[in-house]
Amino acid sequence: LCKCAAITFLVMMVLTLIASGFTYFWMKDVVEHLTTTDSKDFPVVSMTDVELDVLKDRIKLFVDELRSGNRHTFKDDLVITQEEINGLLGHSDYLRGHIQVTLTPGKILEEFSLPTDMLPGGKHRFFYGTEYLQIKDDETNTVESRLETVGDHEDWFHGPLFFIQLQYLVSDERNKYDEKLLELYLQHGSFFGNEIPQEVIDQHQNMLLDLYNDPEIGEDVRAIIGGIDHVSIEQGRIVIKPIHDEDEVHIEVEMEREEDTGGSMFAKTYLRSSSSSGSSSSSSR
């Protein structure tokens, strides 16, 4: 029995070593394809510990008020500046000087040059590239994100590391405060050069549904998302406007069936608020 156990243990050790070696060389190949020896230094935005704590407390208070449902307590919108975001990133030893966020109307751009010394084959190499998130507040009501690197991966796949396009709309489903919720639907996407199959897109599933139905956090997520009236990406800042009790918000949802797309259901969302007006750089509810 002891002899069999010893043999089994040795076999398992050999298999583990083989698997570890395979994983190492696979990771080394991935790192070489997705990274480069080129790099870029970004300016560091200084933020004191006190300023960081003030920012965290401001965000926490805003989220707590959304979660509580006390809409009459809101006095101000939550405004987060580009400088504050970069100052927050600068508090990370790893990210400091290796990443920069720029906010322009309707778009968040992230530039990065991250060292990969801790990865197999990553010594003196960098994960160098850009990522953006863009909100198109027009008739398409889409959110788009794309990640690209300078690394030479053309012999592996063409195009960005990932690209995704989502359509957002306001649903008739409501949270416990009788506020309508946001829905997100996949329209197009690719990962490492592989297109998301059309049959997956045609399922037309709300990508926020699992969050809404989560037994632990679902109720809080519904309260937070349902309590947001308007999100704007402006020059140098992000503005999150909560729903106030005195606001009069009218939402109309028109569903149109497009015959030339196989009968898929699309929605156009129109919002008018007595206290705010939409712009090309915002996502409205």
# chains A, B, ... in the order shown; residues from 1 in each chain; ligands from 1

call {"tool": "residues_around", "arguments": {"residues": "Leu34 (chain A)", "least_positions_apart": "6", "cutoff": "7 Å", "atoms": "only C-alpha atoms", "output": "PyMOL selection string"}}
result
chain A and resi 127+149+151-153

call {"tool": "write_last_selection", "arguments": {"atoms": "C-alpha atoms", "output": "PDB file, in the first residue's frame"}}
result
ATOM      1  CA  PHE A 127       2.047  46.203 -21.512  1.00  0.00           C
ATOM      2  CA  THR A 149      -1.621  47.379 -27.385  1.00  0.00           C
ATOM      3  CA  GLY A 151       2.708  44.562 -28.838  1.00  0.00           C
ATOM      4  CA  ASP A 152       3.330  42.567 -32.024  1.00  0.00           C
ATOM      5  CA  HIS A 153       0.536  39.987 -32.084  1.00  0.00           C
TER       6      HIS A 153
END

call {"tool": "residues_around", "arguments": {"residues": "His158 (chain A)", "least_positions_apart": "3", "cutoff": "9 Å", "atoms": "only C-alpha atoms", "output": "ChimeraX atom specification"}}
result
/A:153-155,161,192-193

call {"tool": "write_last_selection", "arguments": {"atoms": "all heavy atoms", "output": "compact mmCIF listing (two decimals), in the first residue's frame"}}
result
# COMPACT_ATOMS: atom_id res chain seq x y z
N HIS A 153 1.31 41.23 -32.18
CA HIS A 153 0.54 39.99 -32.08
C HIS A 153 -0.15 39.63 -33.40
O HIS A 153 -1.10 38.84 -33.43
CB HIS A 153 -0.52 40.10 -30.98
CG HIS A 153 -1.42 41.30 -31.10
ND1 HIS A 153 -2.40 41.39 -32.06
CD2 HIS A 153 -1.46 42.47 -30.41
CE1 HIS A 153 -3.02 42.55 -31.94
NE2 HIS A 153 -2.47 43.22 -30.95
N GLU A 154 0.32 40.21 -34.50
CA GLU A 154 -0.35 40.00 -35.79
C GLU A 154 -0.27 38.55 -36.26
O GLU A 154 -1.13 38.10 -37.02
CB GLU A 154 0.26 40.93 -36.85
CG GLU A 154 -0.02 42.40 -36.60
CD GLU A 154 -1.50 42.73 -36.52
OE1 GLU A 154 -2.24 42.28 -37.41
OE2 GLU A 154 -1.91 43.40 -35.56
N ASP A 155 0.76 37.81 -35.82
CA ASP A 155 0.82 36.40 -36.21
C ASP A 155 -0.07 35.53 -35.33
O ASP A 155 -0.19 34.32 -35.56
CB ASP A 155 2.27 35.89 -36.14
CG ASP A 155 2.87 36.00 -34.75
OD1 ASP A 155 2.37 36.83 -33.95
OD2 ASP A 155 3.85 35.27 -34.46
N LEU A 161 -7.29 43.86 -28.70
CA LEU A 161 -7.43 42.75 -27.76
C LEU A 161 -8.91 42.48 -27.50
O LEU A 161 -9.33 41.33 -27.44
CB LEU A 161 -6.72 43.07 -26.43
CG LEU A 161 -5.28 42.56 -26.31
CD1 LEU A 161 -4.38 43.29 -27.29
CD2 LEU A 161 -4.77 42.71 -24.89
N PHE A 192 -9.59 38.98 -28.58
CA PHE A 192 -8.39 38.39 -29.18
C PHE A 192 -8.64 37.97 -30.63
O PHE A 192 -8.24 36.89 -31.07
CB PHE A 192 -7.91 37.20 -28.36
CG PHE A 192 -7.38 37.57 -27.00
CD1 PHE A 192 -8.23 37.63 -25.91
CD2 PHE A 192 -6.05 37.91 -26.84
CE1 PHE A 192 -7.74 37.98 -24.65
CE2 PHE A 192 -5.55 38.26 -25.59
CZ PHE A 192 -6.40 38.30 -24.50
N GLY A 193 -9.33 38.84 -31.36
CA GLY A 193 -9.57 38.61 -32.78
C GLY A 193 -10.74 37.70 -33.09
O GLY A 193 -11.08 37.50 -34.27

call {"tool": "atom_distance", "arguments": {"atom1": "CA of Phe42 (chain A)", "atom2": "CA of Lys60 (chain A)"}}
result
28.4 Å

call {"tool": "select_by_dssp", "arguments": {"residues": "region 58-216 of chain A", "states": "helix (DSSP H, G or I)", "output": "PyMOL selection string"}}
result
chain A and resi 58-68+71-73+82-89+198-201+209-212

call {"tool": "write_last_selection", "arguments": {"atoms": "C-alpha atoms", "output": "tab-separated table (two decimals), in the first residue's frame"}}
result
chain	number	residue	atom	x	y	z
A	58	ARG	CA	-17.51	61.84	-0.90
A	59	ILE	CA	-18.06	58.86	-3.20
A	60	LYS	CA	-19.09	56.59	-0.32
A	61	LEU	CA	-21.62	59.12	0.98
A	62	PHE	CA	-23.14	59.50	-2.49
A	63	VAL	CA	-23.43	55.71	-2.96
A	64	ASP	CA	-24.87	55.27	0.55
A	65	GLU	CA	-27.55	57.88	-0.18
A	66	LEU	CA	-28.43	56.10	-3.44
A	67	ARG	CA	-28.65	52.80	-1.58
A	68	SER	CA	-30.89	54.25	1.13
A	71	ARG	CA	-33.76	61.04	-2.74
A	72	HIS	CA	-34.74	64.24	-0.90
A	73	THR	CA	-31.34	64.28	0.88
A	82	GLN	CA	-9.73	63.97	-14.24
A	83	GLU	CA	-7.11	65.23	-11.79
A	84	GLU	CA	-8.75	63.30	-8.93
A	85	ILE	CA	-8.82	60.08	-10.97
A	86	ASN	CA	-5.15	60.38	-11.88
A	87	GLY	CA	-4.29	61.35	-8.31
A	88	LEU	CA	-6.04	58.20	-7.07
A	89	LEU	CA	-4.09	56.08	-9.59
A	198	GLN	CA	-24.27	36.31	-33.82
A	199	GLU	CA	-26.41	33.66	-32.13
A	200	VAL	CA	-25.16	34.91	-28.77
A	201	ILE	CA	-26.03	38.51	-29.69
A	209	LEU	CA	-29.85	40.96	-15.01
A	210	ASP	CA	-27.54	38.72	-12.97
A	211	LEU	CA	-26.48	41.71	-10.87
A	212	TYR	CA	-30.09	42.76	-10.30

call {"tool": "select_by_dssp", "arguments": {"residues": "region 12-224 of chain A", "states": "strand (DSSP E or B)", "output": "JSON, numbers by chain"}}
result
{"A": [36, 78, 79, 80, 81, 99, 100, 101, 102, 103, 104, 107, 108, 109, 110, 111, 112, 113, 114, 115, 126, 127, 128, 129, 130, 131, 132, 133, 134, 135, 136, 142, 143, 144, 145, 146, 147, 148, 149, 162, 163, 164, 165, 166, 167, 168, 169, 170, 171, 172, 173, 174, 180, 181, 182, 183, 184, 185, 186, 187, 188, 189, 190, 191, 194, 195]}

call {"tool": "residues_around", "arguments": {"residues": "Gly90 (chain A)", "least_positions_apart": "3", "cutoff": "8 Å", "atoms": "only C-alpha atoms", "output": "PyMOL selection string"}}
result
chain A and resi 44-47+86-87+93+95-97

call {"tool": "write_last_selection", "arguments": {"atoms": "all heavy atoms", "output": "PDB file, in the first residue's frame"}}
result
ATOM      1  N   VAL A  44       2.857  62.338 -13.000  1.00  0.00           N
ATOM      2  CA  VAL A  44       2.227  61.883 -11.760  1.00  0.00           C
ATOM      3  C   VAL A  44       1.468  63.039 -11.135  1.00  0.00           C
ATOM      4  O   VAL A  44       2.016  64.126 -10.934  1.00  0.00           O
ATOM      5  CB  VAL A  44       3.279  61.349 -10.765  1.00  0.00           C
ATOM      6  CG1 VAL A  44       2.614  60.962  -9.446  1.00  0.00           C
ATOM      7  CG2 VAL A  44       4.027  60.160 -11.369  1.00  0.00           C
ATOM      8  N   VAL A  45       0.191  62.834 -10.867  1.00  0.00           N
ATOM      9  CA  VAL A  45      -0.639  63.841 -10.204  1.00  0.00           C
ATOM     10  C   VAL A  45      -0.573  63.594  -8.709  1.00  0.00           C
ATOM     11  O   VAL A  45      -0.924  62.514  -8.224  1.00  0.00           O
ATOM     12  CB  VAL A  45      -2.097  63.774 -10.698  1.00  0.00           C
ATOM     13  CG1 VAL A  45      -2.961  64.773  -9.916  1.00  0.00           C
ATOM     14  CG2 VAL A  45      -2.173  64.060 -12.195  1.00  0.00           C
ATOM     15  N   SER A  46      -0.096  64.575  -7.969  1.00  0.00           N
ATOM     16  CA  SER A  46       0.060  64.432  -6.521  1.00  0.00           C
ATOM     17  C   SER A  46      -1.286  64.601  -5.817  1.00  0.00           C
ATOM     18  O   SER A  46      -2.063  65.499  -6.137  1.00  0.00           O
ATOM     19  CB  SER A  46       1.058  65.468  -5.987  1.00  0.00           C
ATOM     20  OG  SER A  46       2.333  65.277  -6.562  1.00  0.00           O
ATOM     21  N   MET A  47      -1.542  63.724  -4.873  1.00  0.00           N
ATOM     22  CA  MET A  47      -2.745  63.820  -4.040  1.00  0.00           C
ATOM     23  C   MET A  47      -2.362  63.350  -2.638  1.00  0.00           C
ATOM     24  O   MET A  47      -1.844  62.243  -2.464  1.00  0.00           O
ATOM     25  CB  MET A  47      -3.873  62.952  -4.609  1.00  0.00           C
ATOM     26  CG  MET A  47      -5.121  62.918  -3.735  1.00  0.00           C
ATOM     27  SD  MET A  47      -6.432  61.851  -4.398  1.00  0.00           S
ATOM     28  CE  MET A  47      -7.132  62.901  -5.664  1.00  0.00           C
ATOM     29  N   ASN A  86      -6.578  60.630 -11.715  1.00  0.00           N
ATOM     30  CA  ASN A  86      -5.146  60.384 -11.879  1.00  0.00           C
ATOM     31  C   ASN A  86      -4.399  60.460 -10.543  1.00  0.00           C
ATOM     32  O   ASN A  86      -3.410  59.744 -10.338  1.00  0.00           O
ATOM     33  CB  ASN A  86      -4.556  61.383 -12.878  1.00  0.00           C
ATOM     34  CG  ASN A  86      -4.954  61.065 -14.307  1.00  0.00           C
ATOM     35  OD1 ASN A  86      -4.847  59.934 -14.764  1.00  0.00           O
ATOM     36  ND2 ASN A  86      -5.445  62.067 -15.024  1.00  0.00           N
ATOM     37  N   GLY A  87      -4.886  61.295  -9.644  1.00  0.00           N
ATOM     38  CA  GLY A  87      -4.292  61.347  -8.306  1.00  0.00           C
ATOM     39  C   GLY A  87      -4.532  60.058  -7.539  1.00  0.00           C
ATOM     40  O   GLY A  87      -3.642  59.569  -6.828  1.00  0.00           O
ATOM     41  N   ASP A  93       1.753  52.109  -6.066  1.00  0.00           N
ATOM     42  CA  ASP A  93       3.169  52.025  -6.410  1.00  0.00           C
ATOM     43  C   ASP A  93       3.359  51.455  -7.811  1.00  0.00           C
ATOM     44  O   ASP A  93       4.296  51.849  -8.520  1.00  0.00           O
ATOM     45  CB  ASP A  93       3.913  51.145  -5.396  1.00  0.00           C
ATOM     46  CG  ASP A  93       3.977  51.787  -4.018  1.00  0.00           C
ATOM     47  OD1 ASP A  93       3.883  53.025  -3.942  1.00  0.00           O
ATOM     48  OD2 ASP A  93       4.110  51.043  -3.030  1.00  0.00           O
ATOM     49  N   LEU A  95       1.047  51.547 -10.418  1.00  0.00           N
ATOM     50  CA  LEU A  95       0.450  52.364 -11.471  1.00  0.00           C
ATOM     51  C   LEU A  95       1.078  53.749 -11.603  1.00  0.00           C
ATOM     52  O   LEU A  95       0.973  54.374 -12.658  1.00  0.00           O
ATOM     53  CB  LEU A  95      -1.056  52.518 -11.227  1.00  0.00           C
ATOM     54  CG  LEU A  95      -1.891  51.231 -11.241  1.00  0.00           C
ATOM     55  CD1 LEU A  95      -3.343  51.546 -10.916  1.00  0.00           C
ATOM     56  CD2 LEU A  95      -1.785  50.532 -12.586  1.00  0.00           C
ATOM     57  N   ARG A  96       1.726  54.222 -10.550  1.00  0.00           N
ATOM     58  CA  ARG A  96       2.245  55.589 -10.543  1.00  0.00           C
ATOM     59  C   ARG A  96       3.223  55.824 -11.698  1.00  0.00           C
ATOM     60  O   ARG A  96       4.225  55.117 -11.851  1.00  0.00           O
ATOM     61  CB  ARG A  96       2.950  55.889  -9.224  1.00  0.00           C
ATOM     62  CG  ARG A  96       3.389  57.341  -9.073  1.00  0.00           C
ATOM     63  CD  ARG A  96       4.143  57.579  -7.787  1.00  0.00           C
ATOM     64  NE  ARG A  96       3.368  57.155  -6.638  1.00  0.00           N
ATOM     65  CZ  ARG A  96       3.714  56.162  -5.836  1.00  0.00           C
ATOM     66  NH1 ARG A  96       4.817  55.477  -6.085  1.00  0.00           N
ATOM     67  NH2 ARG A  96       2.962  55.832  -4.808  1.00  0.00           N
ATOM     68  N   GLY A  97       2.903  56.794 -12.559  1.00  0.00           N
ATOM     69  CA  GLY A  97       3.753  57.121 -13.686  1.00  0.00           C
ATOM     70  C   GLY A  97       3.622  56.197 -14.879  1.00  0.00           C
ATOM     71  O   GLY A  97       4.281  56.399 -15.897  1.00  0.00           O
TER      72      GLY A  97
END

call {"tool": "closest_residue", "arguments": {"among": "A:Leu109, A:Met207, A:Leu78, A:Val30", "to": "Leu186 (chain A)", "atoms": "only C-alpha atoms"}}
result
A:Met207

call {"tool": "residues_around", "arguments": {"residues": "Val221 (chain A)", "least_positions_apart": "3", "cutoff": "10 Å", "atoms": "only C-alpha atoms", "output": "ChimeraX atom specification"}}
result
/A:66-67,175,181,208,211-214,216-218,224-227

call {"tool": "decode", "arguments": {"residues": "region 129-205 of chain A", "atoms": "C-alpha atoms", "output": "short mmCIF file (atom, residue, chain, number, x, y, z; two decimals), in the first residue's frame"}}
result
data_model
loop_
_atom_site.label_atom_id
_atom_site.label_comp_id
_atom_site.auth_asym_id
_atom_site.auth_seq_id
_atom_site.Cartn_x
_atom_site.Cartn_y
_atom_site.Cartn_z
CA GLY A 129 -1.40 50.65 -25.21
CA THR A 130 -4.70 52.48 -24.90
CA GLU A 131 -8.26 51.76 -23.87
CA TYR A 132 -11.32 53.93 -24.26
CA LEU A 133 -14.94 53.94 -23.20
CA GLN A 134 -17.32 56.12 -25.21
CA ILE A 135 -20.99 56.92 -24.65
CA LYS A 136 -22.98 57.78 -27.76
CA ASP A 137 -26.12 59.51 -26.54
CA ASP A 138 -27.88 59.61 -29.89
CA GLU A 139 -30.59 57.46 -31.44
CA THR A 140 -28.32 54.41 -31.15
CA ASN A 141 -27.87 54.77 -27.35
CA THR A 142 -24.63 52.81 -27.34
CA VAL A 143 -21.63 52.35 -25.07
CA GLU A 144 -18.40 51.32 -26.80
CA SER A 145 -15.06 50.15 -25.42
CA ARG A 146 -11.83 49.11 -27.16
CA LEU A 147 -8.42 47.94 -25.87
CA GLU A 148 -5.32 48.00 -28.07
CA THR A 149 -1.62 47.38 -27.39
CA VAL A 150 1.61 48.21 -29.17
CA GLY A 151 2.71 44.56 -28.84
CA ASP A 152 3.33 42.57 -32.02
CA HIS A 153 0.54 39.99 -32.08
CA GLU A 154 -0.35 40.00 -35.79
CA ASP A 155 0.82 36.40 -36.21
CA TRP A 156 -1.63 35.43 -33.43
CA PHE A 157 -4.67 37.61 -34.15
CA HIS A 158 -5.54 40.86 -35.91
CA GLY A 159 -7.27 43.87 -34.44
CA PRO A 160 -7.70 45.00 -30.81
CA LEU A 161 -7.43 42.75 -27.76
CA PHE A 162 -11.11 43.37 -27.23
CA PHE A 163 -13.87 45.51 -28.63
CA ILE A 164 -17.40 45.64 -27.31
CA GLN A 165 -20.48 47.67 -28.23
CA LEU A 166 -23.53 47.72 -25.98
CA GLN A 167 -26.96 49.29 -26.33
CA TYR A 168 -28.49 50.85 -23.24
CA LEU A 169 -32.13 51.63 -22.54
CA VAL A 170 -34.50 52.18 -19.64
CA SER A 171 -36.71 49.21 -18.79
CA ASP A 172 -40.19 49.02 -17.32
CA GLU A 173 -38.80 46.94 -14.46
CA ARG A 174 -38.54 48.91 -11.23
CA ASN A 175 -36.63 48.76 -7.95
CA LYS A 176 -38.26 48.89 -4.51
CA TYR A 177 -38.39 52.71 -4.73
CA ASP A 178 -40.49 52.47 -7.92
CA GLU A 179 -37.64 53.74 -10.09
CA LYS A 180 -36.99 52.35 -13.54
CA LEU A 181 -33.79 50.41 -14.17
CA LEU A 182 -31.11 50.46 -16.83
CA GLU A 183 -30.67 47.60 -19.29
CA LEU A 184 -27.59 46.73 -21.36
CA TYR A 185 -27.62 44.56 -24.49
CA LEU A 186 -24.69 43.25 -26.50
CA GLN A 187 -24.60 44.52 -30.07
CA HIS A 188 -21.13 43.60 -31.26
CA GLY A 189 -17.82 42.46 -29.87
CA SER A 190 -14.56 40.59 -30.32
CA PHE A 191 -11.93 39.11 -28.00
CA PHE A 192 -8.39 38.39 -29.18
CA GLY A 193 -9.57 38.61 -32.78
CA ASN A 194 -12.52 36.24 -32.29
CA GLU A 195 -15.92 37.74 -33.09
CA ILE A 196 -18.73 37.11 -30.63
CA PRO A 197 -21.13 34.71 -32.44
CA GLN A 198 -24.27 36.31 -33.82
CA GLU A 199 -26.41 33.66 -32.13
CA VAL A 200 -25.16 34.91 -28.77
CA ILE A 201 -26.03 38.51 -29.69
CA ASP A 202 -29.46 37.42 -30.96
CA GLN A 203 -30.33 36.05 -27.51
CA HIS A 204 -30.79 39.72 -26.52
CA GLN A 205 -30.11 39.17 -22.83
#
